[in-house]
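Peer 1: This structure is in structure tokens; I'll ask about it shortly.
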Amino acid sequence: MSWENFVRRVVPYTPGEQPKESGIIKLNTNENPYPPAPGVQKILDEFRISDMRLYPDPDAGILIQAIAETYQVKPEQVFVGVGSDDVISMAFLTFFNSAKPILFPDVTYSFYDVWADVYHIPYQRVRLTEDFRINPEDYKIPNGGIIFPNPNAPTGVLESLELIEEILKANPDSVVMIDEAYIDFGGISCLPLLEKYENLLVIQTYSKSRSMAGMRIGFAIGNQKLIKYLNDVKFSVNSYTMNRLTLLCGAEALKDPAYFENCTGKIIETREDTKKKLAELGFVFPDSKSNFIFASHPDYDAGMIFEKLKARKIFVRYWNKPRINQYLRITVGTPEEMKQLFTALQEILIEDES
Ligand code: PMP
């Protein structure tokens with residue numbers, strides 16, 4: 001016997017690499033290539049160290065109010081956390097407490113199985129179709145909850161509100177979480193379904209469309225009752241999740257819808273252009289409605305391309321996992337970054353042929 005018998009053992013989630021060197025092109029963690037709304041800089045400039053002396057508002061009032069106004073819901077319907085990772089983790093802990101397995105796709109955000117493991121939640125991976133689509137029929141089996149991203153990650157595939165509604169209708173006894181981390185790049189949010197389904201929790205983040213991955217802000221919107229349960233758990237773990245500066249910056253970032261539209265619009269435009277160029281090089285990919293493209297080449301090994309891009313200081317994401325080991329997930333960067341990516345890809349494909 002040893003204390004090690006009683007350790008909560010888990011294989012942790014591995015985030016994308018954050019290389020320390022300079023001069024790299026970073027297309028591996030779906031960050032936004034543009035800065036946050038300019039008003040955020042003003043908040044930073046005006047923040048005084050004396051403001052750090054006191055604890056922050058444990059209710060995150062200013063941020064919750066701003067999110068509620070932006071998404072036209074009541075403040076009681078909003079929960080915030082340290083990135084959507086924190087929000088989803090709290091939501092797993094709060095709502096996935098059944099002996100029945102929770103369901104999520106076999107190809108999806110690779111943190112879901114880690115949270116399930118760490119909280120001892122049974123789970124079942126549901127196989128996506130050959131073209132990485134969700135078949136709603138697969139989610140009409142006994143379960144302890146459901147989660148999937150829409151658009152899905154790492155595929156970028158967007159499912160319809162009809163499909164989400166069909167799953168919600170079939171599962172009134174489970175909480176259904178829709179992870180909308182990438183919804184602002186051309187998807188349609190399922191927030192309007194909240195009026196009809198009290199078991200729906202919609203999760204979004206500032207990390208992608210609002211360019212604030214480094215600040216760590218995520219939020220969930222749902223029925224008041226769901227949010228109350230989430231807060232009960234949050235206040236049983238850590239009352240002060242959001243620091244003072246983050247609360248101020250997060251509220252400010254929402255005050256500039258024109259900047260937001262412009263920024264997401266540029267990324268969508270670059271994404272569509274990237275699709276054309278990837279297709280010209282012979283890559284195939286499911287149609288993406290996110291800020292990344294999940295591309296495969298029928299004639300070249302994805303692992304080889306990944307390594308050769310890395311040698312050229314261009315980082316994309318690659319998983320040596322079943323079903324997806326011939327795909328690269330390429331974040332949409334600036335047009336200039338994509339130009340450099342294509343120059344490198346052309347060289348690599350020619351090199352490998354000769
Ligand atoms: N959900 C999905 C599908 C993601 O890809 C990510 C980004 N890794 C997250 C949630 C978490 O993002 P964050 O914690 O930065 O909000």
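Letters for chains follow the order of the structure tokens (A, B, ...), residue numbers begin at 1 for each chain, and ligand numbers begin at 1 in the order shown.
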Within 8 Å of range 217-226 of chain A, counting only C-alpha atoms, which residues qualify if same-chain residues fewer than 4 places away don't, as number ranges by chain?

Peer 2: A: 76-87, 191, 194, 198-207, 212-213, 230, 246, 250

Peer 1: Measuring atom to atom with only C-alpha atoms and all ligand atoms, identify which of A:Leu93, A:Val107, A:Ile267, A:Ala99 is nearest to ligand 1.

Peer 2: A:Val107

Peer 1: So, counting only C-alpha atoms, which residue among A:Trp115, A:Tyr71, A:Phe283, A:Tyr13 is closest to Ala302 in chain A?

Peer 2: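 Of all the options, A:Phe283 lies closest to Ala302 in chain A.
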
Peer 1: Counting only C-alpha atoms, what is within 12 Å of Glu347 in chain A, bar same-chain residues fewer than 5 positions away, as a VMD selection string?

Peer 2: chain A and resid 281 305 308 to 309 312 340 to 342 352 to 354

Peer 1: Kindly indicate which residue among A:Lys275, A:Lys208, A:Lys339, A:Arg9 lies nearest to ligand 1, using only C-alpha atoms and all ligand atoms for the distances.

Peer 2: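 That would be A:Lys208, the residue with the smallest distance to ligand 1.
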
Peer 1: For the structure I just gave you, how does DSSP split range 137-324 of chain A - specifically, which residues are helix (DSSP H, G or I)? Reply as a ChimeraX atom specification.

Peer 2: /A:137-139,161-170,191-195,224-234,244-253,257-280,302-311

Peer 1: Please compute the CA of Ala344 in chain A-CA of Glu272 in chain A distance, one decimal, in Å.

Peer 2: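 CA of Ala344 in chain A sits 19.2 Å away from CA of Glu272 in chain A.
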
Peer 1: So how many Å separate CA of Thr129 in chain A and CA of Asn143 in chain A, to one decimal?

Peer 2: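 Value for the CA of Thr129 in chain A-CA of Asn143 in chain A distance: 19.9 Å.
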
Peer 1: What does the structure give for the distance between CA of Cys263 in chain A and CA of Ile183 in chain A, in Å to one decimal?

Peer 2: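 Atom-to-atom, CA of Cys263 in chain A and CA of Ile183 in chain A are spaced 13.9 Å apart.
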
Peer 1: Run DSSP on the backbone of this structure and report the residues of range 253-350 of chain A it assigns to strand (DSSP E), as a ChimeraX atom specification.

Peer 2: /A:292-295,314-315,328-331

Peer 1: Please identify all polymer residues within 12 Å of range 164-169 of chain A, counting only C-alpha atoms, omitting same-chain residues fewer than 5 positions from it, and present them as a ChimeraX atom specification.

Peer 2: /A:103,134-141,143,145-151,158-159,174-179,188-202
